[in-house]
Amino acid sequence: MEVFLEAFEGPLDLLLYLIRKQNIDILDIQVAEITKQYMGYVELMQSVRLELAAEYLVMAAMLAEIKSRMLLPRSAEVEQEEDDPRAELIRRLQEYERYKAAAEGLDGLPRVGRDIHVPTLAAPAARARKLLPDVSLQELLLSMAEVLRRADMFESHQITRETLSTRERMSDVLERLKAGGFVPFVELFRAEEGRLGVVVTFMAVLELIKEQLVELVQNADFAAIHVRARAE
């Protein structure tokens, strides 16, 4: 279990704080003063009834041991043979300081790419589909009226007339649309055939629509009507 006291994340963090506060070189720790300050902090935490982690008490015991060893009188020969009692503590503090600096450096990096990864997904190729308005019967009749008006200009008084067949005209229309493109509705009519030819062609188109062989389309409301053959 991790216990956080104030801003410290462990006994080494507290020791490092006390050393920096006193501007003391880690390699030349004044054990007596640091131990005094450390124990004062521990006692403060106990006085406010905060539960201390065991590692804080272990560090207190370690400081007390180093302090007692430093206070014992030793001859010059013994000092040369024995290591500095502070050596292990200094090594641990230096190692902790390096890791702390590395952690602070990582914490300063942007979160994106370190803790957060933004997913990227290529969107599939999409083609916009234009919704065409439905062709109403009223617009079809208006277009038919325009064709009849033009047909009246070619009306003649011939005595004989050519017999026109709706079925034959249906075949003619399909032949005209077999290329697969759009053909303007008014171009299906030949004004020189007069009203009879226009009516036969109109009936042929209606029959083809009924049999679902052709369809009428517009690019916009009240726009010109076009005819095309339906796909098989």
# chains A, B, ... in the order shown; residues from 1 in each chain; ligands from 1
>>> residues_around(residues="range 27-32 of chain A", least_positions_apart="6", cutoff="12 Å", atoms="only C-alpha atoms", output="list in words")
Leu15, Leu16, Leu18, Ile19, Arg20, Tyr38, Met39, Ala60, Met62, Leu63, Ala64, Glu65, Ile66, Lys67, Ser68, Arg69, Met70, Leu71, Asp84, Pro85, Arg86, Ala87, Glu88, Leu89, Ile90, Arg91, Arg92, Leu93 and Gln94 of chain A
>>> atom_distance(atom1="CA of Gly194 in chain A", atom2="CA of Leu174 in chain A")
21.2 Å
>>> residues_around(residues="range 199-211 of chain A", least_positions_apart="4", cutoff="10 Å", atoms="only C-alpha atoms", output="ChimeraX atom specification")
/A:140-141,144,147-148,164-174,185-186,188-190,193-195,215-216,227,229-230
>>> select_by_dssp(residues="chain A", states="strand (DSSP E or B)", output="number ranges by chain")
A: 5, 8, 112, 116, 183-184, 214-217, 226-229
>>> decode(residues="range 103-136 of chain A", atoms="N, CA, C and O atoms", output="mmCIF file, in the first residue's frame")
data_model
loop_
_atom_site.group_PDB
_atom_site.id
_atom_site.type_symbol
_atom_site.label_atom_id
_atom_site.label_comp_id
_atom_site.auth_asym_id
_atom_site.auth_seq_id
_atom_site.Cartn_x
_atom_site.Cartn_y
_atom_site.Cartn_z
ATOM 1 N N ALA A 103 11.234 11.019 -14.064
ATOM 2 C CA ALA A 103 9.766 11.011 -13.991
ATOM 3 C C ALA A 103 9.194 12.398 -14.239
ATOM 4 O O ALA A 103 8.174 12.557 -14.924
ATOM 5 N N GLU A 104 9.855 13.422 -13.688
ATOM 6 C CA GLU A 104 9.382 14.788 -13.921
ATOM 7 C C GLU A 104 9.522 15.170 -15.391
ATOM 8 O O GLU A 104 8.686 15.889 -15.932
ATOM 9 N N GLY A 105 10.606 14.684 -16.022
ATOM 10 C CA GLY A 105 10.760 14.950 -17.458
ATOM 11 C C GLY A 105 9.675 14.295 -18.283
ATOM 12 O O GLY A 105 9.124 14.893 -19.213
ATOM 13 N N LEU A 106 9.334 13.055 -17.939
ATOM 14 C CA LEU A 106 8.250 12.365 -18.658
ATOM 15 C C LEU A 106 6.912 13.042 -18.418
ATOM 16 O O LEU A 106 6.067 13.115 -19.316
ATOM 17 N N ASP A 107 6.708 13.529 -17.199
ATOM 18 C CA ASP A 107 5.442 14.176 -16.881
ATOM 19 C C ASP A 107 5.262 15.470 -17.673
ATOM 20 O O ASP A 107 4.140 15.908 -17.909
ATOM 21 N N GLY A 108 6.378 16.067 -18.082
ATOM 22 C CA GLY A 108 6.293 17.297 -18.863
ATOM 23 C C GLY A 108 6.003 17.075 -20.328
ATOM 24 O O GLY A 108 5.733 18.026 -21.057
ATOM 25 N N LEU A 109 6.067 15.817 -20.779
ATOM 26 C CA LEU A 109 5.798 15.524 -22.193
ATOM 27 C C LEU A 109 4.307 15.610 -22.474
ATOM 28 O O LEU A 109 3.484 15.421 -21.578
ATOM 29 N N PRO A 110 3.920 15.891 -23.707
ATOM 30 C CA PRO A 110 2.493 15.928 -24.057
ATOM 31 C C PRO A 110 1.828 14.585 -23.784
ATOM 32 O O PRO A 110 2.424 13.526 -23.959
ATOM 33 N N ARG A 111 0.591 14.637 -23.334
ATOM 34 C CA ARG A 111 -0.153 13.411 -23.027
ATOM 35 C C ARG A 111 -0.477 12.611 -24.296
ATOM 36 O O ARG A 111 -0.458 11.392 -24.291
ATOM 37 N N VAL A 112 -0.771 13.331 -25.381
ATOM 38 C CA VAL A 112 -1.109 12.645 -26.632
ATOM 39 C C VAL A 112 0.140 11.970 -27.179
ATOM 40 O O VAL A 112 1.187 12.590 -27.359
ATOM 41 N N GLY A 113 0.046 10.689 -27.413
ATOM 42 C CA GLY A 113 1.180 9.911 -27.888
ATOM 43 C C GLY A 113 1.915 9.218 -26.768
ATOM 44 O O GLY A 113 2.707 8.319 -27.007
ATOM 45 N N ARG A 114 1.632 9.633 -25.519
ATOM 46 C CA ARG A 114 2.260 8.988 -24.377
ATOM 47 C C ARG A 114 1.229 8.208 -23.552
ATOM 48 O O ARG A 114 1.311 7.006 -23.403
ATOM 49 N N ASP A 115 0.225 8.937 -23.036
ATOM 50 C CA ASP A 115 -0.843 8.291 -22.276
ATOM 51 C C ASP A 115 -2.108 8.123 -23.109
ATOM 52 O O ASP A 115 -2.918 7.243 -22.852
ATOM 53 N N ILE A 116 -2.261 9.009 -24.082
ATOM 54 C CA ILE A 116 -3.479 9.005 -24.902
ATOM 55 C C ILE A 116 -3.080 8.786 -26.350
ATOM 56 O O ILE A 116 -2.174 9.446 -26.853
ATOM 57 N N HIS A 117 -3.744 7.865 -26.991
ATOM 58 C CA HIS A 117 -3.493 7.589 -28.405
ATOM 59 C C HIS A 117 -4.776 7.885 -29.184
ATOM 60 O O HIS A 117 -5.834 7.319 -28.894
ATOM 61 N N VAL A 118 -4.676 8.805 -30.117
ATOM 62 C CA VAL A 118 -5.836 9.195 -30.913
ATOM 63 C C VAL A 118 -5.975 8.232 -32.089
ATOM 64 O O VAL A 118 -5.069 8.129 -32.922
ATOM 65 N N PRO A 119 -7.068 7.502 -32.144
ATOM 66 C CA PRO A 119 -7.233 6.559 -33.266
ATOM 67 C C PRO A 119 -7.534 7.295 -34.558
ATOM 68 O O PRO A 119 -8.206 8.330 -34.566
ATOM 69 N N THR A 120 -7.009 6.775 -35.632
ATOM 70 C CA THR A 120 -7.296 7.330 -36.954
ATOM 71 C C THR A 120 -7.862 6.225 -37.839
ATOM 72 O O THR A 120 -7.321 5.125 -37.874
ATOM 73 N N LEU A 121 -8.919 6.527 -38.495
ATOM 74 C CA LEU A 121 -9.578 5.552 -39.357
ATOM 75 C C LEU A 121 -9.933 6.230 -40.668
ATOM 76 O O LEU A 121 -10.635 7.236 -40.698
ATOM 77 N N ALA A 122 -9.384 5.678 -41.731
ATOM 78 C CA ALA A 122 -9.650 6.261 -43.049
ATOM 79 C C ALA A 122 -11.102 6.000 -43.442
ATOM 80 O O ALA A 122 -11.592 4.873 -43.347
ATOM 81 N N ALA A 123 -11.783 7.051 -43.832
ATOM 82 C CA ALA A 123 -13.180 6.919 -44.234
ATOM 83 C C ALA A 123 -13.256 6.277 -45.617
ATOM 84 O O ALA A 123 -12.428 6.550 -46.477
ATOM 85 N N PRO A 124 -14.208 5.396 -45.799
ATOM 86 C CA PRO A 124 -14.348 4.784 -47.131
ATOM 87 C C PRO A 124 -14.750 5.820 -48.167
ATOM 88 O O PRO A 124 -15.373 6.836 -47.846
ATOM 89 N N ALA A 125 -14.336 5.558 -49.373
ATOM 90 C CA ALA A 125 -14.671 6.480 -50.458
ATOM 91 C C ALA A 125 -16.177 6.518 -50.648
ATOM 92 O O ALA A 125 -16.830 5.488 -50.792
ATOM 93 N N ALA A 126 -16.719 7.694 -50.593
ATOM 94 C CA ALA A 126 -18.168 7.857 -50.709
ATOM 95 C C ALA A 126 -18.486 8.773 -51.894
ATOM 96 O O ALA A 126 -17.782 9.743 -52.141
ATOM 97 N N ARG A 127 -19.517 8.420 -52.580
ATOM 98 C CA ARG A 127 -19.950 9.230 -53.721
ATOM 99 C C ARG A 127 -21.332 9.782 -53.431
ATOM 100 O O ARG A 127 -22.254 9.038 -53.080
ATOM 101 N N ALA A 128 -21.431 11.096 -53.501
ATOM 102 C CA ALA A 128 -22.706 11.742 -53.190
ATOM 103 C C ALA A 128 -23.757 11.339 -54.209
ATOM 104 O O ALA A 128 -23.503 11.306 -55.413
ATOM 105 N N ARG A 129 -24.908 10.998 -53.709
ATOM 106 C CA ARG A 129 -26.011 10.601 -54.585
ATOM 107 C C ARG A 129 -27.055 11.708 -54.605
ATOM 108 O O ARG A 129 -27.551 12.127 -53.563
ATOM 109 N N LYS A 130 -27.306 12.221 -55.767
ATOM 110 C CA LYS A 130 -28.267 13.295 -55.905
ATOM 111 C C LYS A 130 -29.668 12.703 -56.029
ATOM 112 O O LYS A 130 -29.937 11.872 -56.900
ATOM 113 N N LEU A 131 -30.547 13.121 -55.108
ATOM 114 C CA LEU A 131 -31.921 12.638 -55.130
ATOM 115 C C LEU A 131 -32.720 13.462 -56.138
ATOM 116 O O LEU A 131 -32.812 14.689 -56.012
ATOM 117 N N LEU A 132 -33.240 12.798 -57.121
ATOM 118 C CA LEU A 132 -33.999 13.479 -58.168
ATOM 119 C C LEU A 132 -35.473 13.532 -57.788
ATOM 120 O O LEU A 132 -36.021 12.565 -57.250
ATOM 121 N N PRO A 133 -36.134 14.657 -58.058
ATOM 122 C CA PRO A 133 -37.566 14.760 -57.728
ATOM 123 C C PRO A 133 -38.409 13.873 -58.638
ATOM 124 O O PRO A 133 -38.028 13.582 -59.774
ATOM 125 N N ASP A 134 -39.536 13.448 -58.106
ATOM 126 C CA ASP A 134 -40.467 12.646 -58.899
ATOM 127 C C ASP A 134 -41.146 13.528 -59.953
ATOM 128 O O ASP A 134 -41.416 14.708 -59.723
ATOM 129 N N VAL A 135 -41.403 12.939 -61.119
ATOM 130 C CA VAL A 135 -42.087 13.657 -62.199
ATOM 131 C C VAL A 135 -43.589 13.488 -62.008
ATOM 132 O O VAL A 135 -44.104 12.370 -61.996
ATOM 133 N N SER A 136 -44.263 14.610 -61.814
ATOM 134 C CA SER A 136 -45.713 14.546 -61.590
ATOM 135 C C SER A 136 -46.451 14.489 -62.927
ATOM 136 O O SER A 136 -45.932 14.890 -63.975
#
